[in-house]
Every structure is written in C-alpha cells, then in structure tokens.
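Shown next, in structure tokens, is the structure this report addresses.
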Amino acid sequence: MEFGIKRHRAAIRRHEYSLPVKCLLRDDLLNSERCFFDYGCGHGDDLSGLISDGFDCSGFDPAFRPNSPKSPAAVVNLGFVLNVIEDPNERLATLKEAWKLAEQVLCIAARIMVSDDGGADVPYGDGVVTRIGTFQKYFAQAELRQYIESTLGEECFPAAPGVYYVFRDADLKTSYIAGKYRRRLAAPRKRIAEIRYEEHQLILDPLVDSITELGRLPEADEFSFVEEVIEAFGSLKRAFALIRRVTSEEDWETVRQQRSEDLLVYLALANFGKRPKLSQLSRKVQRDVRSFFGSYKRACSQADSLMFRAGDPDEIDAACIRSKIGRLCPSSLWIHEGIRDQLEPILRIYEGCARAYIGTIEDANLIKLHRFSGKVSYLACPDFESDPHPITTETTKVWLRTLRVGFYETADRINPPLLDRKELMLDSNDDRRSKFERLSSQELKHGLLHDEDDFLTREVWKANLQMLGFEHRGHRLVRRKNNTSTSVVLPKRCSNYGVGKRIGGAAYVHRDFEHVLGEAMAEAKSRLPPGFEYTVVKHNETNGNFSFIHCPDFDESPEPSTGSYAVVKSDGSVTVRPGLADPFIYHHKWLFVDDDYRGFNVEESKRRSAEWMALPNVDKSLIGRASYWNNHVVPQLNRDSQQRWLRSEEVRKRLGWTTCELAHQRDAGQIRFKKVGNAYLYQLDEMNAEE
C-alpha cells in the first residue's frame, strides 16, 4: 500500500444490505442452502445482518478482520474492493484469489463512473485520491466487464450497475440466465368438475403445476408423483388428456407458446455474450429445446432471427404500436417494470439487451422503450401509486447501438412532464388499474386529456385544471368550488412567441403570425397540397406535428368554427381531413393575433371572452363543440346582452353619482358589476334606473 493512502477509511457503516448482497438475495443465489464468504467485509455489517437472518457466512478484511481465514464458499462476494486498491498488480491478485474461493458463484462490485465531479479528488495512478485519503478507481460499466473476463477467462453477467456475477457452477449459471426470462404463468382454470379429476385431485393438481411451469409434460425425474399418476392413469400423457378436458385445450397451447417464447428470448440474449453449446445447457433446458423446437439448431436459428429483428428500428416501432400493453407515446412505449415479461418476444429481447449490459436498476419501476433511437430507459417513480400525476425522479438510459450509459437526477426539474393514463402501464389484473382507469376516463371526458397527447407538463396541467374548473382529490377529478368573486382573469398569449393560444401541449396562431413558429413551420407548410386554404396553424410541441386548419368565419364570428385541416407530421407525411358535422370552435380568438390585428375588433373580442367567462353553469369541458356552445352558452349571452354592461362613466352620468359613490354602492352590493382586466362594468336594474 502506498504511503498516505488510508484504505481502511473506504469502509462505511451500513444500516441495510449492500447492493451486491441485495442482488444475490434478489436472484436467489444467496440462500440458506449456500454458505457465503465476504472477501473485504469492512465493518462486517452485511455479515451481521445475514447471520441474524439465519445464513451460514463468514468474512475477511485486511483492516478489520485480518486474522479471519479466507474460506472457500458456495457464494463469494468481492464487494467494492477492487476500486479501493491503488496497486494494479495487487488488484489483479485479489480478484484471482476471490475467484479461487468461489465454489459456485463470485459476485464482484466496483464503483462505476457516473460523472466527473472534480472537487477535492487528486489524480493518482489509474484513479484518484479522495479528500479523506482513500484511493478510488472508477470503472466504466463495459470496462469492469472486460477487466473481469480478461482476468478470469470466464463470462460474467451484470446484476446491477457495477455488479457482476461469474459462475463456476454451470447448472447454476444456466438456471439463473434462463430464469431471468421466464415469466410467471397461472394454470388454466377448471371449466367443469369431472368426477375422476376430483377423485385424483391430490396427484393431478401437482401435475397441473408442473406442466404450467415447464410448458410440456415432465420427465420422470422432474415430477414427484410420477409413479402415482402412472398407476392411476397408465401414463402422464393420459392424465394430461383428462386435465385438458377439465380445463381448456387453447389455454394449454398458450402456456406452451409462452414457454417456447421464454426459451427463444433466453437463447437470443445468451448470444449477447457467448451462447453455450447444447451439451453445456442444463438437462431441463435441453429437454425444453427438443420439446419446443425439435433441435438446438432450429431453436438457435429462430432466436438469431429475433435478435436481428430487435436491432431494426422499424421492427421495434411496429412492435410498440401493436403492443397490447403499455402507454404508447409518439417516440416511446412506457410499461411498469412488473409486466416487461408480457411484452412480445422482440420487445423482450430489445429490453433484455439493455438489462444484459447494465443489470437490474434498483428503485426503477418504469421502463421506457424508445421506438426509433435504439435506447432503453429505466426510471424511478416513487409516487407512482399515490400521486394521480407523478414525476420520475431518476433515469438510467442505455444506448444499445454504442453501449453508452447515462444516469440522470430528474426530481428537481422546474416544469417536468407528469405521467398520465398510468393504468396502461400495468397488468390488466393489477388491483390498482381500476382506480387509475376511472381518473383517466374523467379526464378524457372533460377535455383535460386527449388520446393523441404526449405527457403534459406540470404548468400545462395547472393551467388546464384552472381553465376548466377542476381539481384532483387523490385519484378523483372534482369540480373546484365556485369562486364568489365576479372578477374575470383573461388568459394570456403564448409567452415564448408573444402571440398565440396554448391548448394542452400545442400552440395555435393565425396565419398572419405563423412566422413565429420558425423554420420547421415553413418546411411543414411546403408539404401542403397545392391550393390548400388555411387560417390557423397549430404546432404540437410534444411531437413536432403541424396542423393547418381552415376557419372560414374566423374574422366574422366571435367563436369561429374549424373546417377541413391538414396534418404534416414530423416525419414529413401529410394527412388531409374534412370538416366535422359538429365542428370544434375557438374561444378567445384574440389570442391568435396581436393587438394591432385589423381583421376584427380585438378589444371587443376580449370583452366577449370576459362576458362568457363570467356566466354561471357553463360546463367548460364541453364548450369546444359548436352544438353545446350554441345550445347552452349563446342563449345565456343573448339574455345577458339585453341588460347591456355599461362602463363607469355612463353609469355615473345616468345616476348622477360621483366615483366614490359608485364605489360605495359596488362594495355594498347595491349594483351588479363584473371586472374585466382593470375595468369595472355595470348593469342597471329597475331600482337603479328609478333613482
């Protein structure tokens, strides 16, 4: 050890298991049947916890347990040891010595380079000396893998960022890898209660479980009750024939199909490193191959075809679009971590490649499959269940084409996107789904969500809820209590353009001001059919699409209606749609232009906005359709206009009041008024008129 480097200070006290031990427990590699040795155990907190939980374990540490023997064990952990050894030769020797002690599996963990923090760290050798005098060698994920494999001459498997397994036991390796890509299946339900089944239920129920687990009939050494079943039915095949009659033939075909898919995914991803020979596979997997595919060559050929397709962006995009699970966005498919095994095989392989490189990300409960760019992101969303529209707080992104990894803290974003339609990310049988579905249904009904929307930002949600008069109470959408004030706050034009109306994640401007949308708009406009007429341009900022909308009565009508429109997508494709029988209408049309626009009276349009916004009993979630507006809102406006709103000067002139007297009557509630901007408008009833 070099003078001045205080290696013992790198050992930290733990109040929970370390990451490598968590991984070993999670993957059932460390259990009560396997003894455990912790090489470089530090203060021994992992050992204390494991011993109290009934595990057979021991450990060695040069600083804290120097006299403890280095004992061979089924499972050996070399956790965050290599990165604190400043001598490359000693580092190499330590790894080799730990490997010699491992009888079944060696777990290796080291610090992974996340970012260049700089600060007080001083470069030293191939690492740095920290401010507390310890040495740290920061590995890149790929660098650590290459270091382990070149040193030990064995393939290693990622368990988490900076954590790898190396197997000495071939059967344990095969079962671990295959188990990663086997989904949990429920046995088909019995349709009828046949007497013979009920008579032999004690031996047939275990057979049902075995066939569900395997996807095929078990061999004699794979099923405990084989002799009893043969004695009762003559063979396992005859017993299964009875089971199929009691359950469903189609359900068992589905089980077989899903298990064969699991095997294909395993074989495809095994080729991500070094695919084993048939003779190196466990006896169970060899039987699976013969049962499902007939030969290993045929199985590998199909697996290779799937792996090849998983590298084609068009194939991934098509698979995301047809996926029956997940929240489909313009450029990605979002799923909850718990249902990734329900994806179709090509998407399981696509995600599996990322996991085969980086391992399992602790606390990441959402997966984002990028449809076009060859990336997979793992996101932490701690409030997924409790918050109706939560944010993600951490992201780990894997670039599959370059094998680059990025780690991002996202909790402190100023205006983050909020998740919606969370039920789509869950299993159809998930208990949380009905609660989430009910909220999404309410939000779609009242116009807070639209099917084509990407995730909206926090500020957009806040504005939409305020505009439509709703608020969230848990996972329920409720009306906000009526504000007793009669003042009206008019909306504002898009701040980033200086003109335009914002609806959801899109900006709408009159064609006279389309230049504010930049070169992308001009490019989209050049793709319009010759002679296509439009009045309004809509820019969907979430997916880059532009819509060119014809509004023939824009200048004449207080609330112009939409006609035919053309959508130019970000990929250059163009779709033209006719106008609707019950068209959408635009409110606050003055937002689409600036105050100098001469096509209509902008100030009069603002007054119109203030008038209808002050009306009671208007369902603002329905006012976008001409039918509701004309039948429920316009009659109220017409009645209201019969008692015309007057400015302060005209009221004072008619009644002979001073400004102070008018203010006193207003404050006392003796005259009807409303506030538009900074101005007050009044209506005179019969009592006021007589005065």
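Within each chain, counting starts at residue 1; across the structure tokens, chains are named A, B, ... in the order shown, with ligands numbered 1 upward in that order.
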Using only C-alpha atoms, I'd like a table of the residues in segment 308-426 of chain A that come within 12 Å of segment 555-572 of chain A; for each, show the closest atom pair and its distance in Å rounded to one decimal, ordered by chain and ascending number, as a tab-separated table.
residue	atom	partner	partner_atom	distance
A:Pro330	CA	A:Ser570	CA	10.3
A:Ser331	CA	A:Ser570	CA	11.2
A:Phe372	CA	A:Asp571	CA	11.8
Take the selection from the previous step and output its residues with N, CA, C and O atoms, as an mmCIF file, in the first residue's frame.
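File written: part-v4.cif
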data_model
loop_
_atom_site.group_PDB
_atom_site.id
_atom_site.type_symbol
_atom_site.label_atom_id
_atom_site.label_comp_id
_atom_site.auth_asym_id
_atom_site.auth_seq_id
_atom_site.Cartn_x
_atom_site.Cartn_y
_atom_site.Cartn_z
ATOM 1 N N PRO A 330 -45.555 9.224 -28.775
ATOM 2 C CA PRO A 330 -45.054 9.417 -30.148
ATOM 3 C C PRO A 330 -43.696 8.801 -30.418
ATOM 4 O O PRO A 330 -43.430 8.364 -31.540
ATOM 5 N N SER A 331 -42.833 8.721 -29.421
ATOM 6 C CA SER A 331 -41.491 8.184 -29.683
ATOM 7 C C SER A 331 -41.106 7.045 -28.749
ATOM 8 O O SER A 331 -39.956 6.611 -28.762
ATOM 9 N N PHE A 372 -37.464 4.528 -31.880
ATOM 10 C CA PHE A 372 -36.666 4.790 -33.091
ATOM 11 C C PHE A 372 -35.159 4.868 -32.834
ATOM 12 O O PHE A 372 -34.371 4.603 -33.738
#
(Q) Considering only strand (DSSP E or B) as DSSP defines it on the backbone, what residues of segment 535-687 of chain A qualify? List them as a ChimeraX atom specification. (A) /A:536-540,546-549,561,565-568,574-577,584-585,625,646-647,672-676,679-683
Go ahead and dump the residues you just picked, N, CA and C atoms, as a CSV table (one decimal), in the first residue's frame.
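Output below, filename out_14.csv:
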chain,number,residue,atom,x,y,z
A,536,VAL,N,-55.6,29.0,-39.5
A,536,VAL,CA,-54.9,28.8,-38.2
A,536,VAL,C,-53.8,27.7,-38.4
A,537,VAL,N,-52.7,27.9,-37.7
A,537,VAL,CA,-51.6,26.9,-37.7
A,537,VAL,C,-51.5,26.5,-36.2
A,538,LYS,N,-51.6,25.1,-36.1
A,538,LYS,CA,-51.4,24.5,-34.7
A,538,LYS,C,-50.0,23.8,-34.7
A,539,HIS,N,-49.2,24.1,-33.7
A,539,HIS,CA,-47.9,23.4,-33.6
A,539,HIS,C,-48.0,22.6,-32.3
A,540,ASN,N,-48.0,21.2,-32.5
A,540,ASN,CA,-48.0,20.3,-31.4
A,540,ASN,C,-46.5,20.2,-30.9
A,546,PHE,N,-47.4,19.7,-37.3
A,546,PHE,CA,-48.1,21.0,-37.6
A,546,PHE,C,-49.5,20.7,-38.3
A,547,SER,N,-50.5,21.4,-37.8
A,547,SER,CA,-51.8,21.2,-38.4
A,547,SER,C,-52.2,22.6,-39.0
A,548,PHE,N,-52.7,22.6,-40.3
A,548,PHE,CA,-53.1,23.8,-41.0
A,548,PHE,C,-54.6,23.7,-41.1
A,549,ILE,N,-55.3,24.6,-40.4
A,549,ILE,CA,-56.8,24.5,-40.2
A,549,ILE,C,-57.5,25.6,-40.9
A,561,SER,N,-65.5,28.6,-36.2
A,561,SER,CA,-65.5,27.1,-36.2
A,561,SER,C,-64.5,26.6,-37.2
A,565,TYR,N,-58.8,20.4,-42.5
A,565,TYR,CA,-57.4,20.6,-42.0
A,565,TYR,C,-56.5,19.6,-42.5
A,566,ALA,N,-55.2,20.0,-42.5
A,566,ALA,CA,-54.1,19.1,-43.0
A,566,ALA,C,-53.1,19.0,-41.9
A,567,VAL,N,-52.7,17.7,-41.6
A,567,VAL,CA,-51.7,17.5,-40.6
A,567,VAL,C,-50.4,17.1,-41.3
A,568,VAL,N,-49.3,17.8,-41.0
A,568,VAL,CA,-48.0,17.5,-41.5
A,568,VAL,C,-47.2,16.9,-40.3
A,574,VAL,N,-48.2,13.6,-44.8
A,574,VAL,CA,-49.3,14.6,-44.8
A,574,VAL,C,-50.7,13.9,-44.8
A,575,THR,N,-51.6,14.3,-43.9
A,575,THR,CA,-52.9,13.7,-43.9
A,575,THR,C,-53.9,14.9,-44.0
A,576,VAL,N,-54.9,14.8,-44.9
A,576,VAL,CA,-55.9,15.9,-45.0
A,576,VAL,C,-57.3,15.3,-44.5
A,577,ARG,N,-57.9,16.1,-43.7
A,577,ARG,CA,-59.2,15.6,-43.1
A,577,ARG,C,-60.3,16.6,-43.4
A,584,PHE,N,-65.4,21.8,-34.1
A,584,PHE,CA,-64.8,22.5,-32.9
A,584,PHE,C,-64.9,24.0,-33.2
A,585,ILE,N,-64.9,24.7,-32.1
A,585,ILE,CA,-64.9,26.2,-32.2
A,585,ILE,C,-63.7,26.7,-31.3
A,625,ARG,N,-67.2,22.3,-28.6
A,625,ARG,CA,-68.1,21.9,-29.7
A,625,ARG,C,-69.2,22.9,-29.9
A,646,LEU,N,-72.4,48.4,-18.8
A,646,LEU,CA,-72.1,49.8,-19.0
A,646,LEU,C,-70.8,50.1,-18.3
A,647,ARG,N,-70.0,51.0,-18.9
A,647,ARG,CA,-68.8,51.5,-18.3
A,647,ARG,C,-69.1,52.5,-17.1
A,672,ARG,N,-75.1,45.6,-9.7
A,672,ARG,CA,-74.5,44.4,-10.3
A,672,ARG,C,-73.2,44.9,-11.1
A,673,PHE,N,-72.1,44.1,-11.0
A,673,PHE,CA,-70.9,44.5,-11.7
A,673,PHE,C,-70.1,43.3,-12.0
A,674,LYS,N,-69.1,43.5,-12.8
A,674,LYS,CA,-68.1,42.5,-13.1
A,674,LYS,C,-66.8,43.2,-13.5
A,675,LYS,N,-65.7,42.6,-13.3
A,675,LYS,CA,-64.4,43.2,-13.6
A,675,LYS,C,-63.8,42.6,-14.8
A,676,VAL,N,-63.4,43.4,-15.7
A,676,VAL,CA,-62.7,42.9,-16.9
A,676,VAL,C,-61.3,43.6,-17.0
A,679,ALA,N,-60.8,47.1,-15.4
A,679,ALA,CA,-62.0,48.0,-15.5
A,679,ALA,C,-63.2,47.3,-15.0
A,680,TYR,N,-64.2,48.1,-14.4
A,680,TYR,CA,-65.5,47.6,-13.9
A,680,TYR,C,-66.6,47.9,-14.9
A,681,LEU,N,-67.4,46.9,-15.1
A,681,LEU,CA,-68.6,47.1,-15.9
A,681,LEU,C,-69.8,46.8,-15.1
A,682,TYR,N,-70.9,47.6,-15.4
A,682,TYR,CA,-72.1,47.5,-14.5
A,682,TYR,C,-73.4,47.3,-15.3
A,683,GLN,N,-74.4,46.7,-14.6
A,683,GLN,CA,-75.8,46.6,-15.2
A,683,GLN,C,-76.7,47.4,-14.3
Q | Selected residue, from A:Leu379, A:Leu426, A:Leu25, A:Val129, that lies nearest to Asp46 of chain A when counting only C-alpha atoms | A | A:Leu25
**Q.** Those of segment 388-490 of chain A in DSSP alpha helix (DSSP H), formatted as an NGL selection string
**A.** :A and (433-445 or 458-468)
Residue subset to file, keeping C-alpha atoms, as a PDB file, in the first residue's frame:
ATOM      1  CA  ARG A 433     -55.803  -0.443 -12.536  1.00  0.00           C
ATOM      2  CA  SER A 434     -59.499   0.300 -11.903  1.00  0.00           C
ATOM      3  CA  LYS A 435     -58.651   3.348  -9.790  1.00  0.00           C
ATOM      4  CA  PHE A 436     -56.327   4.741 -12.451  1.00  0.00           C
ATOM      5  CA  GLU A 437     -58.793   3.967 -15.267  1.00  0.00           C
ATOM      6  CA  ARG A 438     -61.587   5.856 -13.533  1.00  0.00           C
ATOM      7  CA  LEU A 439     -59.464   9.001 -13.289  1.00  0.00           C
ATOM      8  CA  SER A 440     -58.308   8.795 -16.929  1.00  0.00           C
ATOM      9  CA  SER A 441     -61.902   8.357 -18.072  1.00  0.00           C
ATOM     10  CA  GLN A 442     -62.927  11.512 -16.202  1.00  0.00           C
ATOM     11  CA  GLU A 443     -60.011  13.491 -17.617  1.00  0.00           C
ATOM     12  CA  LEU A 444     -60.727  12.389 -21.188  1.00  0.00           C
ATOM     13  CA  LYS A 445     -64.437  13.141 -20.812  1.00  0.00           C
ATOM     14  CA  ARG A 458     -46.910  20.466 -14.713  1.00  0.00           C
ATOM     15  CA  GLU A 459     -47.654  24.048 -15.807  1.00  0.00           C
ATOM     16  CA  VAL A 460     -49.934  22.871 -18.627  1.00  0.00           C
ATOM     17  CA  TRP A 461     -51.850  20.641 -16.205  1.00  0.00           C
ATOM     18  CA  LYS A 462     -52.185  23.509 -13.761  1.00  0.00           C
ATOM     19  CA  ALA A 463     -53.487  25.855 -16.465  1.00  0.00           C
ATOM     20  CA  ASN A 464     -55.921  23.284 -17.887  1.00  0.00           C
ATOM     21  CA  LEU A 465     -57.363  22.450 -14.475  1.00  0.00           C
ATOM     22  CA  GLN A 466     -57.813  26.122 -13.689  1.00  0.00           C
ATOM     23  CA  MET A 467     -59.378  26.907 -17.060  1.00  0.00           C
ATOM     24  CA  LEU A 468     -61.859  24.022 -16.876  1.00  0.00           C
TER      25      LEU A 468
END
Q: Choose the residue, out of A:Pro313, A:Gly44, A:Gly374, A:Gly498, that has the smallest atom-to-atom separation from Asp595 of chain A; count only C-alpha atoms.
A: A:Gly498
Q: Determine, counting only C-alpha atoms, which protein, DNA and RNA residues have an atom within 10 Å of an atom of Leu204 of chain A; residues of the same chain fewer than 3 positions away are not included. Present the result as a PyMOL selection string.
A: chain A and resi 197-201+207-210+225+228-229+236+239-240+242-243
**Q.** Residues within 12 Å of Asp317 of chain A, only C-alpha atoms, excluding chain neighbours under 5 positions, as a ChimeraX atom specification
**A.** /A:309-312,322-323,328-333,346-347,350,369-374
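Proximity to Glu86 of chain A was assessed for A:Ser18, A:Ser48, A:Gln136, A:Thr212 counting only C-alpha atoms; the smallest distance is recorded for A:Gln136.
Non-sequential neighbours of Glu661 of chain A (distance at most 12 Å, separation of 3 or more positions within a chain, only C-alpha atoms) are Ser648, Val651, Arg652, Leu655, Gly656, Trp657, Thr658, His664, Gln665, Arg666, Asp667, Ala668, Gln670 and Ile671 of chain A.
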Print the selection's residues with C-alpha atoms to a file, as an mmCIF file, in the first residue's frame.
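Everything below was put into out.cif:
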data_model
loop_
_atom_site.group_PDB
_atom_site.id
_atom_site.type_symbol
_atom_site.label_atom_id
_atom_site.label_comp_id
_atom_site.auth_asym_id
_atom_site.auth_seq_id
_atom_site.Cartn_x
_atom_site.Cartn_y
_atom_site.Cartn_z
ATOM 1 C CA SER A 648 -68.277 53.535 -15.093
ATOM 2 C CA VAL A 651 -73.342 54.762 -15.030
ATOM 3 C CA ARG A 652 -72.179 57.867 -13.126
ATOM 4 C CA LEU A 655 -77.340 58.120 -11.912
ATOM 5 C CA GLY A 656 -75.553 61.353 -11.097
ATOM 6 C CA TRP A 657 -73.087 59.595 -8.801
ATOM 7 C CA THR A 658 -69.523 60.505 -8.087
ATOM 8 C CA HIS A 664 -69.547 52.603 -2.239
ATOM 9 C CA GLN A 665 -72.624 51.140 -3.969
ATOM 10 C CA ARG A 666 -70.458 48.477 -5.587
ATOM 11 C CA ASP A 667 -68.824 47.488 -2.295
ATOM 12 C CA ALA A 668 -72.224 47.376 -0.592
ATOM 13 C CA GLN A 670 -76.229 47.505 -4.381
ATOM 14 C CA ILE A 671 -75.301 47.351 -8.065
#
Q) Quick one: distance from atom CA of Ile148 of chain A to atom CA of Leu78 of chain A in Å, one decimal? A) 11.8 Å
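The neighbours of Ile108 of chain A here are the residues that come within 10 Å of it, using only C-alpha atoms and leaving out any residue fewer than 2 positions away in the same chain; they are Pro20, Tyr39, Val76, Asn77, Leu78, Gly79, Phe80, Val81, Leu82, Leu95, Ala98, Trp99, Val105, Leu106, Ala110, Leu144, Arg145, Ile148, Cys156, Pro158, Ala159, Gly162, Val163, Tyr164, Tyr165 and Val166 of chain A.
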